[in-house]
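Undergrad: My structure is stored as upload29.csv, with CSV, C-alpha atoms.
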```
chain,number,residue,atom,x,y,z
R,1,MET,CA,114.0,124.5,143.3
R,2,LEU,CA,114.6,122.5,146.5
R,3,ALA,CA,111.3,120.6,146.4
R,4,PHE,CA,112.0,119.6,142.8
R,5,SER,CA,115.6,118.4,143.7
R,6,LEU,CA,114.3,116.4,146.6
R,7,LEU,CA,111.6,114.9,144.4
R,8,LEU,CA,114.1,113.8,141.7
R,9,ALA,CA,116.3,112.3,144.4
R,10,MET,CA,113.3,110.2,145.6
R,11,LEU,CA,112.4,108.9,142.1
R,12,ALA,CA,113.9,105.9,140.3
R,13,PRO,CA,114.6,106.5,136.6
R,14,ASP,CA,112.0,104.0,135.6
R,15,ASP,CA,109.2,105.3,137.9
R,16,GLY,CA,106.0,105.8,135.9
R,17,LEU,CA,103.8,108.8,136.4
R,18,ALA,CA,101.5,107.0,138.9
R,19,ASP,CA,104.6,106.1,141.0
R,20,GLN,CA,105.8,109.7,140.9
R,21,ILE,CA,102.4,111.0,142.0
R,22,ALA,CA,102.3,108.4,144.7
R,23,HIS,CA,105.7,109.6,146.0
R,24,CYS,CA,103.9,112.9,146.7
R,25,GLY,CA,101.7,111.1,149.2
R,26,ILE,CA,98.7,110.5,146.9
R,27,ALA,CA,96.9,107.2,147.4
R,28,ARG,CA,97.4,104.9,144.4
R,29,ASP,CA,93.7,104.2,144.1
R,30,GLN,CA,93.2,107.9,143.6
R,31,ILE,CA,95.4,108.0,140.5
R,32,THR,CA,94.3,107.0,137.0
R,33,THR,CA,96.9,107.1,134.2
R,34,ARG,CA,96.6,106.8,130.4
R,35,TYR,CA,99.1,106.9,127.6
R,36,GLU,CA,98.6,109.8,125.1
R,37,ASP,CA,99.9,109.0,121.6
R,38,MET,CA,100.1,112.6,120.6
R,39,LEU,CA,102.3,113.5,123.7
R,40,GLN,CA,104.2,110.2,123.5
R,41,ASP,CA,103.9,110.1,127.3
R,42,GLU,CA,101.6,109.3,130.2
R,43,THR,CA,99.0,111.7,131.7
R,44,ALA,CA,97.1,111.2,134.9
R,45,THR,CA,93.9,112.1,136.7
R,46,ILE,CA,94.0,112.6,140.5
R,47,ALA,CA,90.8,112.0,142.4
R,48,THR,CA,92.0,113.2,145.8
R,49,PRO,CA,89.5,115.8,147.2
R,50,GLY,CA,90.9,119.3,147.4
R,51,PRO,CA,90.6,119.7,151.2
R,52,ALA,CA,92.5,116.5,151.7
R,53,LEU,CA,95.6,117.7,149.9
R,54,THR,CA,98.3,119.0,152.2
R,55,ALA,CA,100.7,121.9,151.4
R,56,PRO,CA,103.7,119.6,151.0
R,57,GLN,CA,101.7,117.3,148.7
R,58,LEU,CA,100.7,120.3,146.5
R,59,LYS,CA,104.3,121.5,146.4
R,60,CYS,CA,105.5,118.1,145.4
R,61,LEU,CA,102.8,118.0,142.6
R,62,VAL,CA,103.9,121.4,141.4
R,63,ALA,CA,107.5,120.2,141.2
R,64,LEU,CA,106.3,117.2,139.1
R,65,THR,CA,104.5,119.6,136.7
R,66,MET,CA,107.5,121.8,136.4
R,67,SER,CA,109.5,118.7,135.4
R,68,GLY,CA,107.2,118.2,132.5
R,69,ARG,CA,104.6,115.7,133.9
R,70,ILE,CA,101.0,116.3,133.0
R,71,PHE,CA,98.0,115.6,135.2
R,72,ALA,CA,94.7,117.0,136.2
R,73,PHE,CA,92.3,116.8,139.2
R,74,THR,CA,88.8,115.5,139.1
R,75,ASP,CA,87.9,117.8,142.1
R,76,PRO,CA,87.6,121.5,141.1
R,77,ALA,CA,88.5,122.4,144.7
R,78,ALA,CA,91.8,120.5,144.3
R,79,GLN,CA,92.5,122.2,140.9
R,80,ALA,CA,91.7,125.6,142.4
R,81,ARG,CA,94.2,125.1,145.2
R,82,PHE,CA,96.9,123.8,142.8
R,83,ASP,CA,96.7,126.3,139.9
R,84,PRO,CA,97.8,129.4,141.9
R,85,LEU,CA,100.8,127.5,143.3
R,86,LEU,CA,101.8,126.3,139.8
R,87,ARG,CA,101.5,129.8,138.4
R,88,ALA,CA,103.6,131.3,141.2
R,89,SER,CA,106.2,128.5,140.7
R,90,GLY,CA,106.3,129.2,136.9
R,91,ARG,CA,106.8,132.9,137.5
R,92,GLN,CA,109.6,132.3,140.0
R,93,ALA,CA,111.3,129.9,137.6
R,94,ALA,CA,111.0,132.4,134.7
R,95,GLN,CA,112.4,135.2,136.9
R,96,ARG,CA,115.3,133.0,138.0
R,97,GLU,CA,116.1,132.1,134.4
R,98,ALA,CA,115.9,135.8,133.3
R,99,ARG,CA,118.2,136.9,136.1
R,100,GLN,CA,120.6,134.1,135.3
R,101,TRP,CA,120.8,135.3,131.7
R,102,LEU,CA,121.5,138.8,132.9
R,103,ALA,CA,124.2,137.6,135.3
R,104,ASP,CA,125.8,135.5,132.5
R,105,HIS,CA,126.0,138.7,130.4
R,106,GLY,CA,127.3,140.9,133.1
R,107,LEU,CA,124.1,142.9,133.4
R,108,LEU,CA,122.4,141.8,136.6
R,109,GLY,CA,124.2,144.3,138.8
R,110,LYS,CA,123.0,147.1,136.4
R,111,LEU,CA,119.3,146.0,136.4
R,112,PRO,CA,117.2,149.0,137.6
R,113,ALA,CA,114.4,148.7,140.1
R,114,TYR,CA,111.0,150.1,139.3
R,115,ASP,CA,109.8,152.7,141.8
R,116,PRO,CA,106.4,154.2,140.7
R,117,ALA,CA,106.9,157.1,143.2
R,118,ARG,CA,110.0,158.2,141.2
R,119,GLN,CA,109.3,157.4,137.6
R,120,SER,CA,106.5,156.5,135.2
R,121,LEU,CA,106.2,152.9,133.9
R,122,ALA,CA,107.1,154.3,130.4
R,123,ASP,CA,110.3,155.8,131.7
R,124,PHE,CA,111.2,152.6,133.5
R,125,GLY,CA,110.7,150.7,130.2
R,126,VAL,CA,113.1,153.2,128.5
R,127,SER,CA,115.7,152.4,131.3
R,128,LEU,CA,115.4,148.7,130.5
R,129,GLU,CA,115.8,149.4,126.8
R,130,ALA,CA,118.9,151.5,127.6
R,131,LEU,CA,120.4,148.6,129.6
R,132,CYS,CA,120.1,146.4,126.6
R,133,GLY,CA,121.3,149.0,124.1
R,134,ILE,CA,117.9,149.3,122.5
R,135,PRO,CA,116.5,152.7,121.2
R,136,PRO,CA,113.8,154.1,123.5
R,137,GLY,CA,110.2,153.0,122.8
R,138,THR,CA,111.4,150.3,120.4
R,139,ARG,CA,110.6,147.1,122.3
R,140,LEU,CA,108.6,148.2,125.4
R,141,ARG,CA,105.4,150.2,125.6
R,142,ALA,CA,103.4,151.2,128.7
R,143,PHE,CA,99.7,151.4,127.9
R,144,ASN,CA,98.8,152.6,131.4
R,145,ALA,CA,100.3,152.7,134.9
R,146,ASP,CA,100.2,148.9,135.4
R,147,THR,CA,100.6,147.3,132.0
R,148,LEU,CA,103.9,147.0,130.0
R,149,SER,CA,104.0,145.2,126.7
R,150,PHE,CA,106.8,143.9,124.5
R,151,ILE,CA,106.7,145.0,120.9
R,152,PRO,CA,108.1,142.0,118.8
R,153,PRO,CA,110.5,142.8,115.9
R,154,ALA,CA,108.6,143.3,112.6
R,155,ASN,CA,111.1,141.0,110.9
R,156,LEU,CA,111.6,137.8,112.7
R,157,ASP,CA,114.7,136.9,110.6
R,158,LEU,CA,117.0,138.4,113.2
R,159,ASP,CA,120.8,138.5,113.2
R,160,ASP,CA,122.7,137.4,116.3
R,161,ALA,CA,123.0,141.0,117.7
R,162,SER,CA,119.2,141.5,117.4
R,163,VAL,CA,118.5,138.1,119.0
R,164,THR,CA,120.8,139.0,121.9
R,165,ALA,CA,119.2,142.5,122.3
R,166,PHE,CA,115.7,141.0,122.3
R,167,SER,CA,116.7,138.2,124.8
R,168,CYS,CA,118.2,141.0,126.9
R,169,ILE,CA,115.0,143.1,127.0
R,170,VAL,CA,112.8,140.0,127.8
R,171,SER,CA,115.2,138.9,130.5
R,172,ALA,CA,115.5,142.4,132.0
R,173,THR,CA,111.8,142.9,132.1
R,174,MET,CA,111.0,139.4,133.5
R,175,GLY,CA,113.9,139.6,136.0
R,176,SER,CA,112.9,143.0,137.3
R,177,ASN,CA,110.7,143.9,140.2
R,178,LEU,CA,107.7,144.8,138.0
R,179,GLU,CA,105.5,141.9,139.2
R,180,GLU,CA,106.2,142.9,142.8
R,181,ARG,CA,104.9,146.4,141.9
R,182,GLY,CA,101.7,144.9,140.5
R,183,VAL,CA,102.6,145.5,136.8
R,184,THR,CA,101.3,143.1,134.2
R,185,VAL,CA,103.7,142.2,131.4
R,186,GLY,CA,102.6,140.8,128.0
R,187,PHE,CA,103.1,140.9,124.3
R,188,ILE,CA,101.4,142.9,121.6
R,189,GLY,CA,101.2,142.0,117.9
R,190,ASN,CA,103.0,143.9,115.2
R,191,GLU,CA,99.7,145.1,113.9
R,192,GLN,CA,99.0,146.9,117.2
R,193,ALA,CA,102.4,148.7,117.3
R,194,GLY,CA,100.8,151.9,115.9
R,195,GLY,CA,97.8,151.7,118.3
R,196,PRO,CA,97.4,153.1,121.7
R,197,GLN,CA,100.2,155.3,122.8
R,198,PRO,CA,101.9,154.9,126.2
R,199,ASN,CA,100.8,157.1,129.0
R,200,PRO,CA,103.5,159.5,130.3
```
Please express what this file holds, its structure, as structure tokens.
TA:
Amino acid sequence: MLAFSLLLAMLAPDDGLADQIAHCGIARDQITTRYEDMLQDETATIATPGPALTAPQLKCLVALTMSGRIFAFTDPAAQARFDPLLRASGRQAAQREARQWLADHGLLGKLPAYDPARQSLADFGVSLEALCGIPPGTRLRAFNADTLSFIPPANLDLDDASVTAFSCIVSATMGSNLEERGVTVGFIGNEQAGGPQPNP
């Protein structure tokens, strides 16, 4: 992430959280920090009003959060502007990581694209399972036209091959174009595996 790289380049190794937030263009008198014993780290509260935050400041703060720093806003309007950017950044990071896993295992070039005009979501799930060498319907289930769920292994004491297969199906699903097609991806518990059947 370019913004994250630029931010890290700006920060000295001993910069505290308040200094890092200030590097994003937030006034120091708008930043309150405290040390959390449970986290063994600082957290902060930012009092800058939402409308006063610029897009570059918000992107800089998102990069800080993605690097593991924790803070909140006193102004709900600021939090409301920040949260969607953070969610989008998290999704992008997850997709990059997933696609890198597939590339590292020689599978990225074989990753299918979902086209609802040509196939059902259930059929696309089967194509992802096939990519990972997983029997159809074993790890993915479509409950309707826009929801695809992972089915976790019943036995979590997995051998190396099973861990790789599950890593593959998670990476293939997260690295695909499902989100662009408006599909929600989630997990279901083992107790629900015999519940609602996927739509054709």
Undergrad: Between atom CA of R:Asp123 and atom CA of R:Arg139, what is the distance, to one decimal in Å?
TA: 12.8 Å
Undergrad: Please, what distance in Å, to one decimal, runs between atom CA of R:Trp101 and atom CA of R:Ala117?
TA: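 Answer for the atom CA of R:Trp101 to atom CA of R:Ala117 separation: 28.3 Å.
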Undergrad: Would you compute the distance between atom CA of R:Thr164 and atom CA of R:Arg141? Give it in Å to one decimal.
TA: 19.4 Å
Undergrad: Env of R:Thr45: 8 Å cut, atoms = all atoms listed in the file, seq-sep filter 4 positions within chain, self excluded. Answer as a PyMOL selection string.
TA: chain R and resi 31-33+71-74
Undergrad: Pick the closest to R:Ala113 from R:Pro135, R:Pro56, R:Gly50, R:Gly175: which is it, counting only C-alpha atoms?
TA: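 Ranking R:Pro135, R:Pro56, R:Gly50, R:Gly175 by distance to R:Ala113, first place goes to R:Gly175.
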